[in-house]
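Colleague: As input, take protein-v7.cif (mmCIF, C-alpha atoms and all ligand atoms):
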data_my_file
loop_
_atom_site.group_PDB
_atom_site.id
_atom_site.type_symbol
_atom_site.label_atom_id
_atom_site.label_comp_id
_atom_site.auth_asym_id
_atom_site.auth_seq_id
_atom_site.Cartn_x
_atom_site.Cartn_y
_atom_site.Cartn_z
ATOM 1 C CA MET A 11 -22.465 32.032 20.276
ATOM 2 C CA LYS A 12 -18.881 32.646 21.238
ATOM 3 C CA LYS A 13 -18.496 28.963 22.090
ATOM 4 C CA LEU A 14 -19.904 27.850 18.749
ATOM 5 C CA PHE A 15 -17.579 30.182 16.922
ATOM 6 C CA ALA A 16 -14.569 28.807 18.803
ATOM 7 C CA LEU A 17 -15.620 25.238 17.974
ATOM 8 C CA ALA A 18 -15.966 26.114 14.307
ATOM 9 C CA VAL A 19 -12.465 27.591 14.262
ATOM 10 C CA VAL A 20 -10.966 24.453 15.828
ATOM 11 C CA LEU A 21 -12.713 22.152 13.374
ATOM 12 C CA THR A 22 -11.618 24.249 10.422
ATOM 13 C CA ALA A 23 -8.064 24.324 11.680
ATOM 14 C CA GLN A 24 -8.062 20.532 12.044
ATOM 15 C CA GLY A 25 -9.572 19.994 8.626
ATOM 16 C CA LEU A 26 -7.030 22.260 7.003
ATOM 17 C CA ARG A 27 -3.914 21.093 8.834
ATOM 18 C CA ALA A 28 -1.305 21.711 6.196
ATOM 19 C CA GLU A 29 1.320 19.206 5.136
ATOM 20 C CA THR A 30 4.882 20.103 6.112
ATOM 21 C CA GLY A 31 8.457 18.865 5.726
ATOM 22 C CA ALA A 32 9.394 15.939 3.534
ATOM 23 C CA TYR A 33 5.719 14.963 3.281
ATOM 24 C CA LYS A 34 4.947 18.344 1.705
ATOM 25 C CA THR A 35 7.589 17.652 -0.957
ATOM 26 C CA ILE A 36 5.821 14.400 -1.869
ATOM 27 C CA VAL A 37 2.391 16.082 -1.894
ATOM 28 C CA ASP A 38 3.779 18.849 -4.109
ATOM 29 C CA GLN A 39 5.054 16.178 -6.524
ATOM 30 C CA MET A 40 1.591 14.583 -6.585
ATOM 31 C CA ARG A 41 0.017 17.967 -7.358
ATOM 32 C CA GLN A 42 2.556 18.519 -10.150
ATOM 33 C CA ILE A 43 1.545 15.208 -11.725
ATOM 34 C CA GLU A 44 -2.118 16.179 -11.398
ATOM 35 C CA THR A 45 -1.505 19.601 -12.959
ATOM 36 C CA ALA A 46 0.492 18.139 -15.859
ATOM 37 C CA HIS A 47 -1.940 15.232 -16.452
ATOM 38 C CA PRO A 48 -5.430 16.399 -15.385
ATOM 39 C CA LYS A 49 -7.186 13.766 -17.508
ATOM 40 C CA THR A 50 -5.203 10.904 -15.986
ATOM 41 C CA ALA A 51 -4.324 11.790 -12.394
ATOM 42 C CA ALA A 52 -6.116 13.467 -9.496
ATOM 43 C CA VAL A 53 -5.005 14.124 -5.917
ATOM 44 C CA PHE A 54 -7.470 13.251 -3.175
ATOM 45 C CA SER A 55 -7.354 12.443 0.539
ATOM 46 C CA ILE A 56 -8.307 9.019 1.876
ATOM 47 C CA GLY A 57 -8.927 10.666 5.289
ATOM 48 C CA ASN A 58 -6.991 12.460 8.015
ATOM 49 C CA ASN A 59 -4.457 10.941 10.365
ATOM 50 C CA GLN A 60 -4.635 11.551 14.116
ATOM 51 C CA ASP A 61 -2.738 14.825 13.728
ATOM 52 C CA GLY A 62 -5.441 16.116 11.375
ATOM 53 C CA VAL A 63 -3.165 15.890 8.332
ATOM 54 C CA PRO A 64 -4.862 14.625 5.133
ATOM 55 C CA LEU A 65 -3.441 11.382 3.749
ATOM 56 C CA TYR A 66 -3.097 12.280 0.090
ATOM 57 C CA ALA A 67 -3.204 9.781 -2.754
ATOM 58 C CA LEU A 68 -3.207 9.913 -6.535
ATOM 59 C CA ARG A 69 -6.122 8.370 -8.375
ATOM 60 C CA ILE A 70 -4.925 7.289 -11.826
ATOM 61 C CA SER A 71 -7.482 6.202 -14.403
ATOM 62 C CA THR A 72 -9.160 7.278 -17.631
ATOM 63 C CA ASP A 73 -11.449 9.477 -15.485
ATOM 64 C CA PRO A 74 -9.629 10.295 -12.242
ATOM 65 C CA SER A 75 -12.019 13.021 -11.096
ATOM 66 C CA LYS A 76 -14.160 10.451 -9.299
ATOM 67 C CA MET A 77 -14.052 6.936 -7.907
ATOM 68 C CA ASP A 78 -15.557 4.419 -10.334
ATOM 69 C CA ALA A 79 -16.548 1.228 -8.522
ATOM 70 C CA ASN A 80 -17.197 -0.492 -11.857
ATOM 71 C CA LYS A 81 -13.492 -0.446 -12.608
ATOM 72 C CA ILE A 82 -10.967 -2.902 -11.217
ATOM 73 C CA GLY A 83 -9.550 -1.343 -8.052
ATOM 74 C CA GLN A 84 -5.780 -1.491 -7.489
ATOM 75 C CA LEU A 85 -3.958 0.074 -4.557
ATOM 76 C CA VAL A 86 -0.332 0.961 -3.806
ATOM 77 C CA VAL A 87 0.563 1.876 -0.208
ATOM 78 C CA GLY A 88 3.991 3.279 0.613
ATOM 79 C CA THR A 89 5.724 4.271 3.847
ATOM 80 C CA HIS A 90 4.285 2.426 6.789
ATOM 81 C CA HIS A 91 7.798 2.891 8.207
ATOM 82 C CA GLY A 92 8.988 6.499 8.091
ATOM 83 C CA ASN A 93 12.693 5.651 7.943
ATOM 84 C CA GLU A 94 12.316 3.537 4.775
ATOM 85 C CA ARG A 95 12.722 6.619 2.632
ATOM 86 C CA HIS A 96 12.690 4.977 -0.782
ATOM 87 C CA ALA A 97 9.198 3.567 -0.315
ATOM 88 C CA ALA A 98 7.735 6.986 -1.163
ATOM 89 C CA VAL A 99 10.179 7.429 -4.070
ATOM 90 C CA SER A 100 9.187 4.012 -5.398
ATOM 91 C CA ALA A 101 5.461 4.771 -5.133
ATOM 92 C CA MET A 102 5.906 8.087 -6.951
ATOM 93 C CA HIS A 103 8.021 6.439 -9.657
ATOM 94 C CA PHE A 104 5.325 3.826 -10.179
ATOM 95 C CA ALA A 105 2.628 6.535 -10.329
ATOM 96 C CA GLN A 106 4.595 8.455 -12.955
ATOM 97 C CA ARG A 107 5.103 5.284 -14.995
ATOM 98 C CA LEU A 108 1.404 4.498 -14.807
ATOM 99 C CA VAL A 109 0.497 7.965 -16.043
ATOM 100 C CA THR A 110 2.814 7.459 -19.028
ATOM 101 C CA LYS A 111 1.192 4.104 -19.810
ATOM 102 C CA TYR A 112 -2.307 5.593 -19.515
ATOM 103 C CA GLU A 113 -1.366 8.366 -21.934
ATOM 104 C CA SER A 114 0.074 5.980 -24.513
ATOM 105 C CA ASN A 115 -1.765 3.647 -26.828
ATOM 106 C CA VAL A 116 -1.048 0.835 -24.406
ATOM 107 C CA VAL A 117 -4.125 1.820 -22.446
ATOM 108 C CA TRP A 118 -6.456 0.577 -25.191
ATOM 109 C CA GLN A 119 -4.569 -2.699 -25.651
ATOM 110 C CA SER A 120 -4.602 -3.638 -21.996
ATOM 111 C CA ARG A 121 -7.098 -3.662 -19.201
ATOM 112 C CA LEU A 122 -5.775 -0.329 -17.911
ATOM 113 C CA ALA A 123 -8.856 1.410 -19.293
ATOM 114 C CA ASP A 124 -11.014 -0.751 -17.024
ATOM 115 C CA THR A 125 -8.731 -0.253 -14.015
ATOM 116 C CA GLU A 126 -8.565 2.459 -11.373
ATOM 117 C CA PHE A 127 -5.308 2.847 -9.444
ATOM 118 C CA THR A 128 -4.878 4.558 -6.102
ATOM 119 C CA VAL A 129 -1.279 5.371 -5.101
ATOM 120 C CA LEU A 130 -0.700 6.488 -1.497
ATOM 121 C CA PRO A 131 3.035 7.256 -1.166
ATOM 122 C CA VAL A 132 3.151 8.137 2.546
ATOM 123 C CA LEU A 133 0.886 6.590 5.176
ATOM 124 C CA ASN A 134 3.026 7.391 8.239
ATOM 125 C CA VAL A 135 3.383 11.161 7.859
ATOM 126 C CA SER A 136 4.978 12.062 11.215
ATOM 127 C CA GLY A 137 7.391 9.124 10.951
ATOM 128 C CA TYR A 138 8.330 10.174 7.430
ATOM 129 C CA ASN A 139 8.924 13.775 8.500
ATOM 130 C CA SER A 140 11.090 12.716 11.455
ATOM 131 C CA ASN A 141 12.794 9.753 9.694
ATOM 132 C CA ARG A 142 11.420 7.336 12.289
ATOM 133 C CA ARG A 143 10.038 3.869 11.746
ATOM 134 C CA GLU A 144 7.150 4.369 14.180
ATOM 135 C CA GLU A 145 4.161 6.701 14.182
ATOM 136 C CA ALA A 146 3.323 8.187 17.606
ATOM 137 C CA GLY A 147 5.557 5.558 19.204
ATOM 138 C CA ARG A 148 3.801 2.621 17.526
ATOM 139 C CA ASP A 149 4.718 0.426 14.595
ATOM 140 C CA PRO A 150 1.987 1.125 12.004
ATOM 141 C CA ASN A 151 2.566 -2.238 10.338
ATOM 142 C CA ARG A 152 1.671 -4.098 13.529
ATOM 143 C CA ASN A 153 -1.570 -2.162 13.996
ATOM 144 C CA TYR A 154 -4.013 -4.236 11.914
ATOM 145 C CA ALA A 155 -6.270 -7.085 12.917
ATOM 146 C CA GLY A 156 -5.513 -10.524 11.493
ATOM 147 C CA PRO A 157 -6.253 -14.222 11.758
ATOM 148 C CA CYS A 158 -4.229 -14.512 14.972
ATOM 149 C CA ASN A 159 -4.882 -11.048 16.310
ATOM 150 C CA SER A 160 -8.343 -9.583 16.902
ATOM 151 C CA SER A 161 -7.250 -6.173 18.205
ATOM 152 C CA GLN A 162 -8.444 -3.107 16.338
ATOM 153 C CA PRO A 163 -6.215 -0.350 14.904
ATOM 154 C CA THR A 164 -5.246 2.420 17.323
ATOM 155 C CA LEU A 165 -3.430 4.772 14.937
ATOM 156 C CA GLY A 166 -5.503 7.323 13.027
ATOM 157 C CA SER A 167 -3.660 6.606 9.781
ATOM 158 C CA ILE A 168 -4.426 2.893 9.970
ATOM 159 C CA LYS A 169 -8.070 3.549 10.875
ATOM 160 C CA ALA A 170 -8.333 5.825 7.833
ATOM 161 C CA LEU A 171 -6.782 3.218 5.512
ATOM 162 C CA VAL A 172 -8.933 0.398 6.939
ATOM 163 C CA GLN A 173 -11.997 2.580 6.295
ATOM 164 C CA PHE A 174 -10.818 3.466 2.773
ATOM 165 C CA LEU A 175 -10.531 -0.254 1.970
ATOM 166 C CA THR A 176 -14.312 -0.523 2.439
ATOM 167 C CA THR A 177 -15.183 2.298 0.026
ATOM 168 C CA ARG A 178 -14.843 0.141 -3.055
ATOM 169 C CA LEU A 179 -13.723 -3.319 -4.143
ATOM 170 C CA PHE A 180 -9.975 -3.698 -4.557
ATOM 171 C CA ALA A 181 -8.578 -6.628 -6.533
ATOM 172 C CA ALA A 182 -4.929 -6.227 -5.604
ATOM 173 C CA THR A 183 -2.493 -4.177 -3.605
ATOM 174 C CA VAL A 184 1.247 -3.596 -3.315
ATOM 175 C CA THR A 185 2.819 -2.272 -0.129
ATOM 176 C CA ILE A 186 6.399 -0.974 -0.182
ATOM 177 C CA HIS A 187 9.153 -1.361 2.436
ATOM 178 C CA GLY A 188 12.970 -1.712 2.461
ATOM 179 C CA TYR A 189 15.657 -3.053 2.288
ATOM 180 C CA ILE A 190 15.887 -6.782 1.679
ATOM 181 C CA GLY A 191 15.170 -7.305 -2.025
ATOM 182 C CA VAL A 192 12.118 -9.530 -1.659
ATOM 183 C CA LEU A 193 8.633 -9.896 -3.113
ATOM 184 C CA ALA A 194 6.451 -11.560 -0.485
ATOM 185 C CA TYR A 195 2.867 -12.705 -0.152
ATOM 186 C CA PRO A 196 0.693 -14.087 2.718
ATOM 187 C CA TRP A 197 0.928 -15.494 5.226
ATOM 188 C CA GLY A 198 3.409 -13.445 7.155
ATOM 189 C CA PHE A 199 2.567 -14.283 10.752
ATOM 190 C CA ALA A 200 3.513 -17.212 12.949
ATOM 191 C CA THR A 201 1.239 -20.093 11.988
ATOM 192 C CA THR A 202 1.429 -23.834 11.530
ATOM 193 C CA HIS A 203 0.286 -23.340 7.907
ATOM 194 C CA VAL A 204 2.292 -20.598 6.229
ATOM 195 C CA GLU A 205 0.952 -21.243 2.720
ATOM 196 C CA THR A 206 -2.491 -19.905 1.776
ATOM 197 C CA ARG A 207 -4.962 -21.823 -0.380
ATOM 198 C CA ASP A 208 -3.801 -19.458 -3.149
ATOM 199 C CA GLN A 209 -0.140 -20.448 -2.803
ATOM 200 C CA ALA A 210 0.225 -21.580 -6.426
ATOM 201 C CA THR A 211 -1.342 -18.379 -7.761
ATOM 202 C CA PHE A 212 0.715 -16.139 -5.491
ATOM 203 C CA ASP A 213 3.871 -18.026 -6.406
ATOM 204 C CA ALA A 214 3.254 -17.653 -10.145
ATOM 205 C CA LEU A 215 2.479 -13.926 -9.833
ATOM 206 C CA ALA A 216 5.554 -13.275 -7.686
ATOM 207 C CA LYS A 217 7.799 -15.345 -9.944
ATOM 208 C CA GLU A 218 6.781 -13.357 -13.014
ATOM 209 C CA ALA A 219 7.101 -10.045 -11.131
ATOM 210 C CA ALA A 220 10.526 -11.026 -9.784
ATOM 211 C CA SER A 221 11.772 -11.697 -13.316
ATOM 212 C CA HIS A 222 11.813 -7.887 -13.694
ATOM 213 C CA ASN A 223 13.942 -7.052 -10.652
ATOM 214 C CA GLY A 224 15.671 -10.287 -9.649
ATOM 215 C CA TYR A 225 14.235 -10.371 -6.127
ATOM 216 C CA ARG A 226 13.707 -13.485 -4.049
ATOM 217 C CA TYR A 227 10.031 -14.326 -3.538
ATOM 218 C CA GLY A 228 7.814 -16.457 -1.311
ATOM 219 C CA THR A 229 5.578 -16.105 1.716
ATOM 220 C CA SER A 230 6.475 -13.238 4.057
ATOM 221 C CA THR A 231 7.162 -15.720 6.833
ATOM 222 C CA ASP A 232 9.603 -17.707 4.712
ATOM 223 C CA THR A 233 11.379 -14.816 2.985
ATOM 224 C CA ILE A 234 11.399 -12.211 5.768
ATOM 225 C CA TYR A 235 10.074 -13.172 9.210
ATOM 226 C CA PRO A 236 6.723 -13.689 10.921
ATOM 227 C CA ALA A 237 5.044 -10.547 12.248
ATOM 228 C CA THR A 238 1.606 -9.995 13.736
ATOM 229 C CA GLY A 239 -0.797 -7.266 12.613
ATOM 230 C CA THR A 240 0.584 -6.355 9.174
ATOM 231 C CA TYR A 241 -1.184 -4.631 6.286
ATOM 232 C CA GLU A 242 -0.169 -7.270 3.758
ATOM 233 C CA ASP A 243 -1.878 -10.045 5.698
ATOM 234 C CA TYR A 244 -4.872 -7.924 6.785
ATOM 235 C CA VAL A 245 -6.017 -6.983 3.279
ATOM 236 C CA TYR A 246 -5.911 -10.574 2.040
ATOM 237 C CA TRP A 247 -7.495 -12.056 5.176
ATOM 238 C CA LYS A 248 -10.225 -9.395 5.499
ATOM 239 C CA HIS A 249 -11.050 -8.668 1.856
ATOM 240 C CA GLY A 250 -9.332 -11.350 -0.232
ATOM 241 C CA ILE A 251 -7.261 -8.604 -1.882
ATOM 242 C CA TRP A 252 -4.274 -10.076 -3.735
ATOM 243 C CA SER A 253 -1.420 -8.743 -1.667
ATOM 244 C CA LEU A 254 2.234 -8.270 -2.585
ATOM 245 C CA LEU A 255 4.815 -6.937 -0.142
ATOM 246 C CA VAL A 256 7.740 -5.226 -1.843
ATOM 247 C CA GLU A 257 10.946 -5.037 0.195
ATOM 248 C CA LEU A 258 13.135 -2.813 -1.956
ATOM 249 C CA TYR A 259 16.731 -3.954 -2.301
ATOM 250 C CA ASN A 260 18.617 -0.664 -1.895
ATOM 251 C CA GLY A 261 16.458 2.062 -3.428
ATOM 252 C CA SER A 262 18.942 2.881 -6.209
ATOM 253 C CA THR A 263 17.634 4.369 -9.453
ATOM 254 C CA ASN A 264 17.851 0.982 -11.192
ATOM 255 C CA ASP A 265 16.259 -0.814 -8.250
ATOM 256 C CA ILE A 266 13.312 1.598 -8.223
ATOM 257 C CA ALA A 267 12.834 1.393 -12.011
ATOM 258 C CA ASP A 268 13.036 -2.411 -12.165
ATOM 259 C CA THR A 269 10.672 -2.688 -9.205
ATOM 260 C CA SER A 270 8.128 -0.463 -10.934
ATOM 261 C CA ASP A 271 8.214 -3.022 -13.764
ATOM 262 C CA ALA A 272 7.746 -5.821 -11.230
ATOM 263 C CA MET A 273 4.769 -4.055 -9.644
ATOM 264 C CA TYR A 274 3.223 -3.381 -13.034
ATOM 265 C CA SER A 275 3.613 -7.047 -13.936
ATOM 266 C CA PHE A 276 1.818 -8.063 -10.741
ATOM 267 C CA PHE A 277 -1.137 -5.721 -11.396
ATOM 268 C CA GLU A 278 -1.273 -6.767 -15.049
ATOM 269 C CA ASN A 279 -1.385 -10.499 -14.334
ATOM 270 C CA VAL A 280 -3.416 -10.646 -11.139
ATOM 271 C CA ASP A 281 -7.054 -11.688 -11.169
ATOM 272 C CA SER A 282 -9.537 -8.858 -11.665
ATOM 273 C CA SER A 283 -11.440 -9.746 -8.498
ATOM 274 C CA PRO A 284 -10.374 -10.553 -4.947
ATOM 275 C CA SER A 285 -9.740 -14.110 -3.828
ATOM 276 C CA VAL A 286 -12.557 -16.066 -2.216
ATOM 277 C CA ASN A 287 -10.128 -18.673 -0.836
ATOM 278 C CA ASN A 288 -8.552 -16.404 1.737
ATOM 279 C CA GLN A 289 -9.375 -18.343 4.904
ATOM 280 C CA HIS A 290 -6.545 -19.133 7.292
ATOM 281 C CA ASP A 291 -6.307 -22.916 7.696
ATOM 282 C CA GLY A 292 -3.487 -23.203 10.206
ATOM 283 C CA GLN A 293 -3.189 -22.696 13.917
ATOM 284 C CA CYS A 294 -1.685 -19.604 15.428
ATOM 285 C CA THR A 295 1.682 -20.230 17.014
ATOM 286 C CA ARG A 296 3.885 -18.194 19.276
ATOM 287 C CA ARG A 297 5.883 -15.359 17.815
ATOM 288 C CA LEU A 298 9.443 -16.266 17.043
ATOM 289 C CA LEU A 299 12.583 -14.464 18.047
ATOM 290 C CA ALA A 300 13.008 -13.523 14.399
ATOM 291 C CA ASP A 301 9.953 -11.279 14.787
ATOM 292 C CA LEU A 302 12.273 -8.738 16.396
ATOM 293 C CA ARG A 303 13.851 -7.951 13.038
ATOM 294 C CA MET A 304 12.701 -4.696 11.534
ATOM 295 C CA ASP A 305 12.394 -4.062 7.800
HETATM 296 ZN ZN ZN A 401 9.095 -1.529 6.705
#
Would you mind writing the structure in this file as structure tokens?
Ligand SMILES: [Zn+2]

Modeller:
Amino acid sequence: MKKLFALAVVLTAQGLRAETGAYKTIVDQMRQIETAHPKTAAVFSIGNNQDGVPLYALRISTDPSKMDANKIGQLVVGTHHGNERHAAVSAMHFAQRLVTKYESNVVWQSRLADTEFTVLPVLNVSGYNSNRREEAGRDPNRNYAGPCNSSQPTLGSIKALVQFLTTRLFAATVTIHGYIGVLAYPWGFATTHVETRDQATFDALAKEAASHNGYRYGTSTDTIYPATGTYEDYVYWKHGIWSLLVELYNGSTNDIADTSDAMYSFFENVDSSPSVNNQHDGQCTRRLLADLRMD
């Protein structure tokens, strides 16, 4: 009996591990949005990380109290890298802008009413709280499987996100990093064939989005550098989810605002279902020296 009681206490403590530090500030902001806009925004957890801390997200839709798989699923993921501070700011700015759009007449003139957004501002909680790129000594954005990498995620946060991606269909996603000033799309690893079968579509979407913030755009490999095991490649390869990597320019107020417009443009123009042409046609090649860069 004593043993059972002790077990119950441990489980409860894990389940209720409270958010602290800079992460708590972001969670408080999410709760403020929810409180001010209960018919448009709801806070929920996509699952716990390995420290037992819930990974909180905002669901933004015409009925945010529950997931609606009949709606078009769109996902924003911020802060894989804890030292890229403006990723969380950018995600929150975009969430606030979405709420405003949902509560204006725009919602009935666009497909917003048929769309359900999930905005996760901070994925790497311990890295964010300690201003470190890594989580538990690992780079979270090298922790996914991919066409040239069959290993499975080891970090709790990545396992939780990978699981969340199976809970409903997602048409498109934006992931936010800094600071280069680029909008990038797959592929982003070292391959003989950097362009996907959807190159023309990706290029058109990125071009239109970039007209709002003036960023360069192209495949991640061409505009940034090849890296193995990234989120932006995983989601497209595994699920066909239209994937846009935002590398903020400098995180200034104007940069964040213009980039929210760019992200909105991408979600507005992207297909309402995932790609079915997401196979990798090339051959995996060795990682390049440029892979050592970190953004
Ligand atoms: Zn980054």

Colleague: Go through chain A residue by residue and, counting all atoms listed in the file, keep those with an atom at most 6 Å from ligand ZN 401 (chain A); for each kept residue give the shortest atom pair and its distance in Å to one decimal, ordered by chain and increasing number, as a Markdown table.

Modeller:
| residue | atom | partner | partner_atom | distance |
| --- | --- | --- | --- | --- |
| A:His91 | CA | A:ZN401 | ZN | 4.8 |
| A:His187 | CA | A:ZN401 | ZN | 4.3 |
| A:Gly188 | CA | A:ZN401 | ZN | 5.7 |
| A:Asp305 | CA | A:ZN401 | ZN | 4.3 |

Colleague: May I have the protein, DNA and RNA residues with an atom at most 12 Å from (-4.1, -9.4, 1.9), counting all atoms listed in the file in the file's coordinates, returned as a ChimeraX atom specification?

Modeller: /A:85,154-157,175,180-185,194-198,206,208,212,229-230,239-255,284-290

Colleague: Kindly extract all protein, DNA and RNA residues lying within 9 Å of the coordinates (-3.8, -8.5, -11.8) given in the file, considering all atoms listed in the file, and supply them as a PyMOL selection string.

Modeller: chain A and resi 84+181-182+215+252+274-283

Colleague: With C-alpha atoms kept, could you save the residues just selected as a compact mmCIF listing (two decimals), in the frame of the given file?

Modeller:
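Output file again.txt follows:
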# COMPACT_ATOMS: atom_id res chain seq x y z
CA GLN A 84 -5.78 -1.49 -7.49
CA ALA A 181 -8.58 -6.63 -6.53
CA ALA A 182 -4.93 -6.23 -5.60
CA LEU A 215 2.48 -13.93 -9.83
CA TRP A 252 -4.27 -10.08 -3.74
CA TYR A 274 3.22 -3.38 -13.03
CA SER A 275 3.61 -7.05 -13.94
CA PHE A 276 1.82 -8.06 -10.74
CA PHE A 277 -1.14 -5.72 -11.40
CA GLU A 278 -1.27 -6.77 -15.05
CA ASN A 279 -1.38 -10.50 -14.33
CA VAL A 280 -3.42 -10.65 -11.14
CA ASP A 281 -7.05 -11.69 -11.17
CA SER A 282 -9.54 -8.86 -11.66
CA SER A 283 -11.44 -9.75 -8.50

Colleague: Rounded to one decimal place, report the CA of Asn58 (chain A)-CA of Val132 (chain A) distance in Å.

Modeller: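 Going from CA of Asn58 (chain A) over to CA of Val132 (chain A), I get 12.3 Å.
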
Colleague: Mind telling me what the PyMOL selection byres (((chain A and resi 144-150) around 8) and not hetatm) catches here, as a PyMOL selection string?

Modeller: chain A and resi 90-92+134-137+142-143+151-153+165+168

Colleague: Quick one: pull the distance between CA of Ala237 (chain A) and CA of Phe199 (chain A), Å, one decimal.

Modeller: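 These two atoms are separated by 4.7 Å.
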
Colleague: If the PyMOL selection byres (((chain A and resi 193) around 7) and not hetatm) were run on this exact file, what residues would it hold? Put them as a list in words.

Modeller: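 Listing what the PyMOL selection byres (((chain A and resi 193) around 7) and not hetatm) selects in the shown file: Val192, Ala194, Ala216, Tyr225, Arg226, Tyr227, Gly228, Leu254, Leu255, Val256 and Glu257 of chain A.
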
Colleague: Save the residues we just selected, C-alpha atoms, as a PDB file, keeping the file's coordinate frame?

Modeller:
ATOM      1  CA  VAL A 192      12.118  -9.530  -1.659  1.00  0.00           C
ATOM      2  CA  ALA A 194       6.451 -11.560  -0.485  1.00  0.00           C
ATOM      3  CA  ALA A 216       5.554 -13.275  -7.686  1.00  0.00           C
ATOM      4  CA  TYR A 225      14.235 -10.371  -6.127  1.00  0.00           C
ATOM      5  CA  ARG A 226      13.707 -13.485  -4.049  1.00  0.00           C
ATOM      6  CA  TYR A 227      10.031 -14.326  -3.538  1.00  0.00           C
ATOM      7  CA  GLY A 228       7.814 -16.457  -1.311  1.00  0.00           C
ATOM      8  CA  LEU A 254       2.234  -8.270  -2.585  1.00  0.00           C
ATOM      9  CA  LEU A 255       4.815  -6.937  -0.142  1.00  0.00           C
ATOM     10  CA  VAL A 256       7.740  -5.226  -1.843  1.00  0.00           C
ATOM     11  CA  GLU A 257      10.946  -5.037   0.195  1.00  0.00           C
TER      12      GLU A 257
END

Colleague: Which one is closest to Leu133 (chain A): A:Gly57, A:Gly224, A:Gly31, A:Gly261? Count only C-alpha atoms.

Modeller: A:Gly57

Colleague: Near Met40 (chain A), within 8 Å and counting all atoms listed in the file, which residues show up once chain neighbours fewer than 5 positions away are dropped, as a list in words?

Modeller: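 So the residues in contact are Val53, Ala67, Leu68 and Met102 of chain A.
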
Colleague: Rounded to one decimal place, report the CA of Ser71 (chain A)-CA of Arg95 (chain A) distance in Å.

Modeller: 26.4 Å

Colleague: Go through A:Ala267, A:Val116, A:Ala51, A:Ala32 one by one, measure the shortest atom-to-atom distance of each to Asp73 (chain A) using only C-alpha atoms, and give the residue with the smallest value.

Modeller: A:Ala51

Colleague: Using all atoms listed in the file, pick whichever of A:Thr50, A:Asn59, A:Gln39, A:Ser120 has the shortest atom-to-atom distance to Thr164 (chain A).

Modeller: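 Once distances to Thr164 (chain A) are computed over all atoms listed in the file, the minimum belongs to A:Asn59.
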
Colleague: For Ile234 (chain A), which residue among A:Arg27, A:Val172, A:Pro74, A:Ala200 is the nearest when counting all atoms listed in the file?

Modeller: A:Ala200

Colleague: Return the single residue from A:Val37, A:Ala214, A:Ile190, A:Cys158 that is closest to Pro131 (chain A), with distances computed using all atoms listed in the file.

Modeller: A:Val37

Colleague: Neighbours of Ser100 (chain A) within 12 Å (all atoms listed in the file; same-chain residues fewer than 4 positions away dropped), as a count of residues only?

Modeller: 39

Colleague: Which residues come within 8 Å of Gly83 (chain A), counting all atoms listed in the file, excluding same-chain residues fewer than 4 positions away, as a ChimeraX atom specification?

Modeller: /A:79,125-128,178-182

Colleague: Work out where the centre of an axis-aligned box around every listed atom of region 252-260 of chain A lies and how long its edges are once 3 Å is added on each side; give both in Å to one decimal as lines of an AutoDock Vina configuration file.

Modeller:
center_x = 7.2
center_y = -5.4
center_z = -1.8
size_x = 28.9
size_y = 15.4
size_z = 9.9
